[in-house]
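Input: a single structure, listed below in structure tokens.
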Amino acid sequence: MTDKKENAPVLVIGAGIAGIEASLLLANSGRKVYLIEKTSYIGGNVIKFEEVFPNMDCATCMIAPKQQELLADENIELLTLSQVEAVSGAAGDFSVKIKQKAGYIDLVNCIGCSACFDPCPVEVDNEFEEGLTKRKAVYIPCAGALPNVPVIDTENCLRFKGQDCQACQEACAFEAIDFNQQDKELELKVGAIVVATGFSMFDINKTSQYGYKKLGGVYSAMEIERICASNGPTQGQITLQSGEAPKSVAIINCVGREEKGYCSSVCCMAALKLCHFLKNKLPELKITQFYSDLCIPGKAYQQFYQKVKESGVDFIRAEVTGVSESAKELAVKYKTDEGKENTLAADMVILNPALEPGADSAKLAGMLNIPQSREGFFSEKEPDLTPVATAQDGIFIAGCAQGPKDIAETIAEAEATAGRILSRSG
Amino acid sequence: MAKRLGVYVCECGTNIADKVDIDKVLAAVSALKDVEVADRYKLLCSGDGQGYLKQSITENGLTHLVVAACSPKQHETTFMKVCEQAGLNPYLFQLVNIREQCAWVTPDGEEATDKAIRQIRAAISRVHYHTALEKKGMECNPDVLVIGGGIAGIKASQILAAPDRKVYLVEKTASLGGKTKRFSKLFVNMESGPGLIAGEIERLQKSKNIEVLTESEAEQILGFLGNFEVKVVSKAEDKEDKEQNFNVGAVVLATGFELFDAKGLPQYGYGTLDDVYTSLDFEEMNLADGPTQGKVLLKNGQPPKSAAIIHCVGRAEKGYCSKVCCLYSFKFDRMLQSQLPGVKIAHFYSDLCIPGKANQKFYEDTRESGVEFVRSAVTEIAGGDKGLTVKYETETGAKGDLAVDMVILLPAMETSSDARKFAEMLNIPQDDKGFLAEEHQLLSPVASAVEGVFVIGCARGPQSIAESIVQAEAAAGKILSALVPGRKLELEVKTSQILESFCTGCKTCIEVCPYGAITFDEDRRISVVNEVLCHGCGNCAAACPSGAARLKHFTFPQIYQELKEVLR
Amino acid sequence: MGEGFTPRIVGFLCNWCSYAGADLAGAAKLEIPASLSVIRVMCSGRVDPVLVATALLQGADGVLIAGCHPGDCHYREGNYYARRRFALLKKTLETLGLDTERLMLAWVSASEGQRFGEVANQFAGQIMELGPNPMKTKISL
């Protein structure tokens with residue numbers, strides 16, 4: 001192996017916890033790392049969670065030191081708003097074309113004071129908050145997002161619709177808003193690539209029986225995560241549209257499992273976590289979980305389940321056939337394994353969907369020339385023996401890009417990619 | 001040397017200047033003791049601002065610096081770098097947060113100004129008591145000790161070994177390969193376990209930088225990250241015990257698993273009834289070099305016509321799901337079906353745990369092949385003249401019997417009995433299930449609470465082979481990142497220290513240190529901080545009754561100065 | 001009580017959670033009583049009871065200690081020690097017949113800007129009710 005190969009920079013795609021962990025380990029060993037992220041912030045999906053199972057750790061507190069370490073690391077070059085456009089070459093000598101979208105904010109001048117938000121006349125749904133709140137066309141996704149730099153959303157900004165609005169520019173005392181910024185194309189030379197593009201949630205709109213987006217009181221698990229979050233749209237207050245706290249909640253698991261054809265590993269635990277959280281906030285709340293098989297692998301998980309169960313959560317092994325509105329409540333219709341049908345009344349329904357590969361996986365797989373599994377996740381070279389390697393030498397996968405998994409497994413895989421890349425045993 | 005302090009207030013555009021009357025602040029602090037310069041600047045974190053600051057430090061010959069600006073989370077490192085560039089020790093600097101915690105949260109301008117003055121006075125007082133701190137490095141040994149020659153230990157050794165990094169792989173038994181080499185087939189692709197292990201051992205043997213020590217055990221491991229002293233004793237049956245001593249920088253524990261003892265649950269008849277097997281017994285039966293040369297046979301020498309697979313044996317007793325049993329049970333179905341066409345198989349289970357992208361298909365294929373799944377608790381396995389009877393009860397309380405020729409129990413996985421030995425030797429906590437505990441269950445899954453000691457594979461909980469390998473590679477990643485041959489280990493600057501003359505030897509600090517960074521020097525009868533292990537939390541400083549333990553940069557006098565000024 | 005009284009409150013905040021929470025309150029432009037002055041420590045476990053007692057003797061009308069939620073400590077278990085020391089200190093003050101309501105221990109995470117605001121305002125309100133620290137006049141160091 002040539003010296004160049006051994007010390008070549010590494011490209012990490014995706015700045016969720018997997019990408020952050022891999023970057024930190026590689027950089028600490030002395031490698032130059034390019035970390036590219038398609039959004040304007042780092043931390044991925046995990047920073048959307050107030051608390052994570054099984055110890056109810058505060059996710060932000062857990063990740064923040066790593067985020068800060070990453071931003072301060074001189075070996076790591078973070079490129080936000082960036083995506084891979086083309087890849088050529090081979091292990092040790094890849095050429096990667098990156099497109100970095102203009103954010104129209106001068107990173108040097110911007111101090112993150114957020115003075116530009118208020119004057120912006122545009123209001124659109126905030127994706128980070130699952131559309132539960134509005135944001136401006138110049139915005140940061142949530143309080144505390146890192147890097148603390150806003151971005152202008154050209155799809156909604158009036159100026160990019162041909163109007164002569166410069167409200168944000170006038171409000172900025174630092175001349176940090178620069179409408180003349182152009183998208184950039186970069187050519188990176190790297191020796192190895194880590195794909196850590198994470199997951200998306202199964203689109204519940206593809207189902208009709210649960211009344212999602214049609215009935216008030218029906219939420220996705222991610223919406224509830226944000227509602228539970230102290231930095232979320234309701235500052236952690238759990239209320240129905242009426243403004244009252246719910247008295248009864250039904251959690252429906254395995255939404256989309258049949259469509260996807262696999263068990264998403266973490267949803268049972270995520271649902272148990274929500275129970276724990278909701279019970280803590282609203283001790284009188286009646287919670288019922290609908291499930292088929294409880295999948296709680298891992299040494300600490302069953303204990304968590306028992307704790308939740310003992311706190312008074314009901315578990316019904318049944319298939320939910322429909323959710324409808326009845327008087328002031330929702331009616332959850334279900335069918336047990338033995339074929340018995342029944343209905344449960346609840347004033348809030350939480351749908352717990354499957355995890356699926358990120359939206360751009362197919363495109364990226366094509367560019368990297370790595371196969372995807374039947375389910376659309378990136379494939380391992382050999383599932384048993386080389387779980388973080390791909391069919392392409394020098395290209396590695398970590399985290400939910402490879403398949404649904406929990407935080408610990410994701411971190412271990414990220415560390416494993418670093419192990420493979422830093423290894424000189426051939 | 002006389003102190004010359006510089007105090008700089010950042011306007012932060014309008015963010016601070018709008019609320020805080022900076023001129024008033026400057027007037028209030030410029031006459032304080034040793035203040036040489038007190039000035040304002042539009043935006044100190046900007047390139048121009050940093051340039052100005054640097055120049056001002058040099059021109060005024062400043063010995064200490066106070067900057068009042070934003071949160072240290074934003075720009076403490078920025079200004080510390082400026083100090084370095086200006087030749088000033090970066091620890092002779094104090095940043096005052098008058099943006100996030102003053103200007104932005106105090107609607108009244110006068111109150112904000114008063115608060116800013118108090119905070120800056122506090123920082124000026126504090127910085128008088130700062131001392132210059134230097135970054136330190138420590139020589140470290142890049143070699144690694146791997147304990148356990150199963151698949152996890154083998155993979156970790158392979159990845160770590162390099163011309164400048166020797167790996168010692170210590171295995172208790174006479175051969176490498178652990179449990180995996182006894183699995184004739186592996187889920188989900190049904191490849192051969194012995195084949196896989198043979199290939200890996202071959203790769204291992206090609207490396208000149210791995211020393212394999214079989215029939216050997218680590219008897220003593222002393223030290224810390226970058227510098228462990230190891231004693232290994234080899235006890236080959238026909239040879240004299242041989243002791244070897246060497247140094248390594250890190251230790252990887254890959255001690256594997258054992259099965260829950262099914263004899264502890266007499267209702268299943270294991271050990272008392274013929275033809276009741278555990279999963280490992282069944283694996284042995286399927287090996288070409290096993291007791292039946294790979295044939296699935298009953299005690300009477302006949303092939304079984306039917307089999308029951310009982311899931312979750314010991315799960316309730318152990319209190320956790322062992323994660324991989326459901327999946328390997330489907331492998332058993334295929335092994336039975338391929339040898340015994342037409343064999344009837346029934347699984348007794350409560351919940352199917354088949355997480356992961358590829359596994360549902362594995363299950364569905366099993367189901368379609370005619371295997372029956374009975375969601376029931378097995379209450380008893382009864383023996384009889386005509387074979388075995390599985391007595392079961394469904395979730396709704398219905399009872400049933402099924403006659404079968406063979407029963408395969410899937411017992412829970414436990415950590416190996418060696419876990420305790422190493423937990424005690426290395427002072428690593430075990431969780432309430434006996435598994436070796438992670439440094440942080442989520443964020444640091446392969447590191448242990450003891451820095452430089454890693455825990456991988458089933459030693460830390462039930463895992464699949466792929467997961468064990470991920471963890472082996474992960475431990476390697478952490479080690480390769482931290483212990484670079486020829487590079488010194490960079491140490492935390494703001495560590496604790498124990499002042500010899502104040503220490504009474506009460507050992508309180510040793511008790512409260514979360515990192516085991518403090519040891520007792522028996523000769524001098526005092527506690528000593530190991531700077532490699534100290535993370536600088538200051539818990540010892542808070543606990544020390546005699547004021548001997550001091551956290552650098554957060555000493556009592558430093559905090560006291562801040563305190564007295566904010567209370568003025 | 002409280003007429004013309006401007007209290008002095010000291011807040012010992014851990015670097016990783018509570019200080020970040022306080023920063024977040026700032027980013028959200030919440031109102032925090034100006035009477036609260038924050039002293040940053042790396043861990044709530046660094047807060048020596050002697051420091052707290054000193055603060056009271058120096059005339060602090062209230063002392064707030066805030067750290068990561070139990071289980072979230074950046075240094076594994078510093079906040080548990082903080083909790084124990086706090087309980088012990090309260091007991092000691094009680095025995096001496098001193099006001100324990102002038103002390104508060106709170107858990108504030110890095111994402112809880114709102115909560116930091118609530119804690120700070122509630123505690124400041126409590127101190128306003130209590131009025132000036134009598135030790136300020138009785139004892140001088």
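By order in the structure tokens, chains are A, B, ...; within a chain, residues start at 1; ligands start at 1, following the order shown.
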Problem set entry | Interface, chain C side, toward chain B (10 Å; only C-alpha atoms) as a PyMOL selection string | chain C and resi 7-12+14-16+19-20+22-52+54-56+58-61+74-79+81-82+85+117
Using C-alpha atoms, can you export the residues from the last selection as a PDB file, in the first residue's frame?
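See result.pdb below for the written result:
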ATOM      1  CA  PRO C   7     -31.226  40.411  45.583  1.00  0.00           C
ATOM      2  CA  ARG C   8     -27.889  38.894  44.649  1.00  0.00           C
ATOM      3  CA  ILE C   9     -28.196  35.350  43.468  1.00  0.00           C
ATOM      4  CA  VAL C  10     -25.329  33.118  42.440  1.00  0.00           C
ATOM      5  CA  GLY C  11     -25.887  30.259  40.027  1.00  0.00           C
ATOM      6  CA  PHE C  12     -23.272  27.518  39.765  1.00  0.00           C
ATOM      7  CA  CYS C  14     -22.314  22.887  34.929  1.00  0.00           C
ATOM      8  CA  ASN C  15     -20.627  23.473  31.601  1.00  0.00           C
ATOM      9  CA  TRP C  16     -22.263  20.672  29.634  1.00  0.00           C
ATOM     10  CA  TYR C  19     -24.811  26.370  31.122  1.00  0.00           C
ATOM     11  CA  ALA C  20     -25.838  25.315  27.614  1.00  0.00           C
ATOM     12  CA  ALA C  22     -28.901  29.017  30.012  1.00  0.00           C
ATOM     13  CA  ASP C  23     -27.346  29.938  26.670  1.00  0.00           C
ATOM     14  CA  LEU C  24     -30.389  28.543  24.937  1.00  0.00           C
ATOM     15  CA  ALA C  25     -32.624  30.690  27.123  1.00  0.00           C
ATOM     16  CA  GLY C  26     -30.519  33.581  25.875  1.00  0.00           C
ATOM     17  CA  ALA C  27     -30.886  32.569  22.251  1.00  0.00           C
ATOM     18  CA  ALA C  28     -34.650  32.448  22.801  1.00  0.00           C
ATOM     19  CA  LYS C  29     -34.429  35.951  24.374  1.00  0.00           C
ATOM     20  CA  LEU C  30     -36.247  34.830  27.503  1.00  0.00           C
ATOM     21  CA  GLU C  31     -36.180  37.125  30.475  1.00  0.00           C
ATOM     22  CA  ILE C  32     -33.837  36.023  33.236  1.00  0.00           C
ATOM     23  CA  PRO C  33     -33.647  38.047  36.460  1.00  0.00           C
ATOM     24  CA  ALA C  34     -30.592  40.310  36.377  1.00  0.00           C
ATOM     25  CA  SER C  35     -30.039  39.424  40.004  1.00  0.00           C
ATOM     26  CA  LEU C  36     -28.758  36.010  38.936  1.00  0.00           C
ATOM     27  CA  SER C  37     -25.053  35.857  38.219  1.00  0.00           C
ATOM     28  CA  VAL C  38     -23.783  32.674  36.708  1.00  0.00           C
ATOM     29  CA  ILE C  39     -20.499  31.047  37.628  1.00  0.00           C
ATOM     30  CA  ARG C  40     -19.540  28.312  35.213  1.00  0.00           C
ATOM     31  CA  VAL C  41     -18.047  25.101  36.580  1.00  0.00           C
ATOM     32  CA  MET C  42     -17.203  22.009  34.562  1.00  0.00           C
ATOM     33  CA  CYS C  43     -19.482  19.770  36.612  1.00  0.00           C
ATOM     34  CA  SER C  44     -22.034  20.278  39.369  1.00  0.00           C
ATOM     35  CA  GLY C  45     -19.846  17.807  41.241  1.00  0.00           C
ATOM     36  CA  ARG C  46     -17.225  20.557  41.523  1.00  0.00           C
ATOM     37  CA  VAL C  47     -19.537  22.644  43.698  1.00  0.00           C
ATOM     38  CA  ASP C  48     -17.968  22.327  47.103  1.00  0.00           C
ATOM     39  CA  PRO C  49     -20.372  22.938  50.011  1.00  0.00           C
ATOM     40  CA  VAL C  50     -17.758  25.357  51.289  1.00  0.00           C
ATOM     41  CA  LEU C  51     -18.253  27.431  48.141  1.00  0.00           C
ATOM     42  CA  VAL C  52     -21.972  27.569  48.777  1.00  0.00           C
ATOM     43  CA  THR C  54     -18.987  31.082  51.426  1.00  0.00           C
ATOM     44  CA  ALA C  55     -21.480  32.553  49.006  1.00  0.00           C
ATOM     45  CA  LEU C  56     -24.070  32.803  51.765  1.00  0.00           C
ATOM     46  CA  GLN C  58     -20.535  36.806  51.546  1.00  0.00           C
ATOM     47  CA  GLY C  59     -24.109  37.924  51.370  1.00  0.00           C
ATOM     48  CA  ALA C  60     -25.657  35.938  48.560  1.00  0.00           C
ATOM     49  CA  ASP C  61     -29.419  36.028  48.962  1.00  0.00           C
ATOM     50  CA  HIS C  74     -20.839  14.268  31.260  1.00  0.00           C
ATOM     51  CA  TYR C  75     -18.506  12.945  33.928  1.00  0.00           C
ATOM     52  CA  ARG C  76     -20.575   9.826  34.612  1.00  0.00           C
ATOM     53  CA  GLU C  77     -21.739  10.564  38.149  1.00  0.00           C
ATOM     54  CA  GLY C  78     -20.742  14.061  39.219  1.00  0.00           C
ATOM     55  CA  ASN C  79     -24.336  15.193  39.556  1.00  0.00           C
ATOM     56  CA  TYR C  81     -22.348  13.624  44.196  1.00  0.00           C
ATOM     57  CA  ALA C  82     -23.736  17.132  43.799  1.00  0.00           C
ATOM     58  CA  ARG C  85     -23.564  17.123  48.975  1.00  0.00           C
ATOM     59  CA  GLY C 117     -35.924  30.394  32.418  1.00  0.00           C
TER      60      GLY C 117
END
Residues of chain A that approach chain C to 9 Å or less, counting only C-alpha atoms: could you list each one with the shortest pair of atoms and its distance in Å to one decimal, rows by chain and increasing residue number, as a Markdown table?
| residue | atom | partner | partner_atom | distance |
| --- | --- | --- | --- | --- |
| A:Glu50 | CA | C:Ser111 | CA | 7.9 |
| A:Asn55 | CA | C:Gly71 | CA | 7.5 |
| A:Met56 | CA | C:Gly71 | CA | 8.2 |
| A:Asp57 | CA | C:Asp72 | CA | 5.8 |
| A:Cys58 | CA | C:Asp72 | CA | 6.6 |
| A:Ala59 | CA | C:Ser111 | CA | 8.7 |
| A:Thr60 | CA | C:Ser111 | CA | 6.0 |
| A:Cys61 | CA | C:Ala110 | CA | 5.2 |
| A:Met62 | CA | C:Asp72 | CA | 7.3 |
| A:Ala64 | CA | C:Ala110 | CA | 7.8 |
| A:Pro65 | CA | C:Trp16 | CA | 7.3 |
| A:Cys113 | CA | C:Ala27 | CA | 7.6 |
| A:Ser114 | CA | C:Ala27 | CA | 8.3 |
| A:Ala143 | CA | C:Leu24 | CA | 7.0 |
| A:Gly144 | CA | C:Leu24 | CA | 6.4 |
| A:Ala229 | CA | C:Ser111 | CA | 8.3 |
| A:Ser230 | CA | C:Glu112 | CA | 5.7 |
| A:Asn231 | CA | C:Ser111 | CA | 6.0 |
| A:Gln235 | CA | C:Gln114 | CA | 7.2 |
Write out the residues from the selection above, keeping C-alpha atoms, as a tab-separated table (two decimals), in the first residue's frame.
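For reference, result_28.tsv as written:
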chain	number	residue	atom	x	y	z
A	50	GLU	CA	-35.80	14.83	23.83
A	55	ASN	CA	-31.93	5.18	30.09
A	56	MET	CA	-33.90	8.22	29.01
A	57	ASP	CA	-30.67	10.07	28.33
A	58	CYS	CA	-31.16	13.61	27.09
A	59	ALA	CA	-30.18	13.31	23.43
A	60	THR	CA	-29.10	16.90	23.00
A	61	CYS	CA	-26.89	16.78	26.08
A	62	MET	CA	-25.38	13.56	24.86
A	64	ALA	CA	-23.72	18.46	22.06
A	65	PRO	CA	-20.16	17.83	23.29
A	113	CYS	CA	-28.01	36.42	16.42
A	114	SER	CA	-31.21	35.54	14.54
A	143	ALA	CA	-33.07	26.49	18.80
A	144	GLY	CA	-29.61	25.22	19.56
A	229	ALA	CA	-39.27	18.01	23.24
A	230	SER	CA	-38.58	20.95	25.51
A	231	ASN	CA	-37.15	22.82	22.52
A	235	GLN	CA	-42.03	23.33	24.72
For this session: Would you list, as number ranges by chain, the residues of region 11-90 of chain C that end up in strand (DSSP E) under DSSP run on this structure's backbone?
Result: C: 11-14, 36-41, 62-67
Problem set entry | Which residue of A:Gly131, A:Pro371, A:Gly89, A:Pro297 approaches chain B most closely, using only C-alpha atoms |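 Ranking A:Gly131, A:Pro371, A:Gly89, A:Pro297 by distance to chain B, first place goes to A:Pro297.
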For this session: Give the residues of chain B that lie within 7 Å of chain A; count only C-alpha atoms, and format the answer as a PyMOL selection string.
Result: chain B and resi 13+46+158-162+319-323+351-360+441-443+445-446+461-462+465-466+469-471+473-474+476-478+480-482+484
Seminar exercise, completed: CA of Val407 (chain B) sits from CA of Asp274 (chain B) at a separation of 9.3 Å
For this session: Show which residues sit within 9 Å of Phe86 (chain C), as a list in words. Count only C-alpha atoms, and ignore same-chain residues fewer than 2 positions away.
Result: Pro49, Ile65, Tyr81, Ala82, Arg83, Arg84, Leu88, Leu89, Lys90, Lys91, Leu103, Met104 and Leu105 of chain C
For this session: Using CA of Met335 (chain B) and CA of Ala307 (chain B) as the two end points, give the distance in Å to one decimal.
Result: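 Spanning CA of Met335 (chain B) to CA of Ala307 (chain B) is a straight-line distance of 11.9 Å.
Excluding Asn352 (chain A) itself and any same-chain residue fewer than 4 positions from it, the protein and nucleic acid residues within 10 Å of it, counting only C-alpha atoms, are Met201, Phe202, Ile204, Tyr219, Ser220, Ala221, Met222, Ile224, Ile251, Ile252, Asn253, Cys254, Val255, Gly256, Arg257, Cys267, Cys268, Ala270 and Ala271 of chain A.
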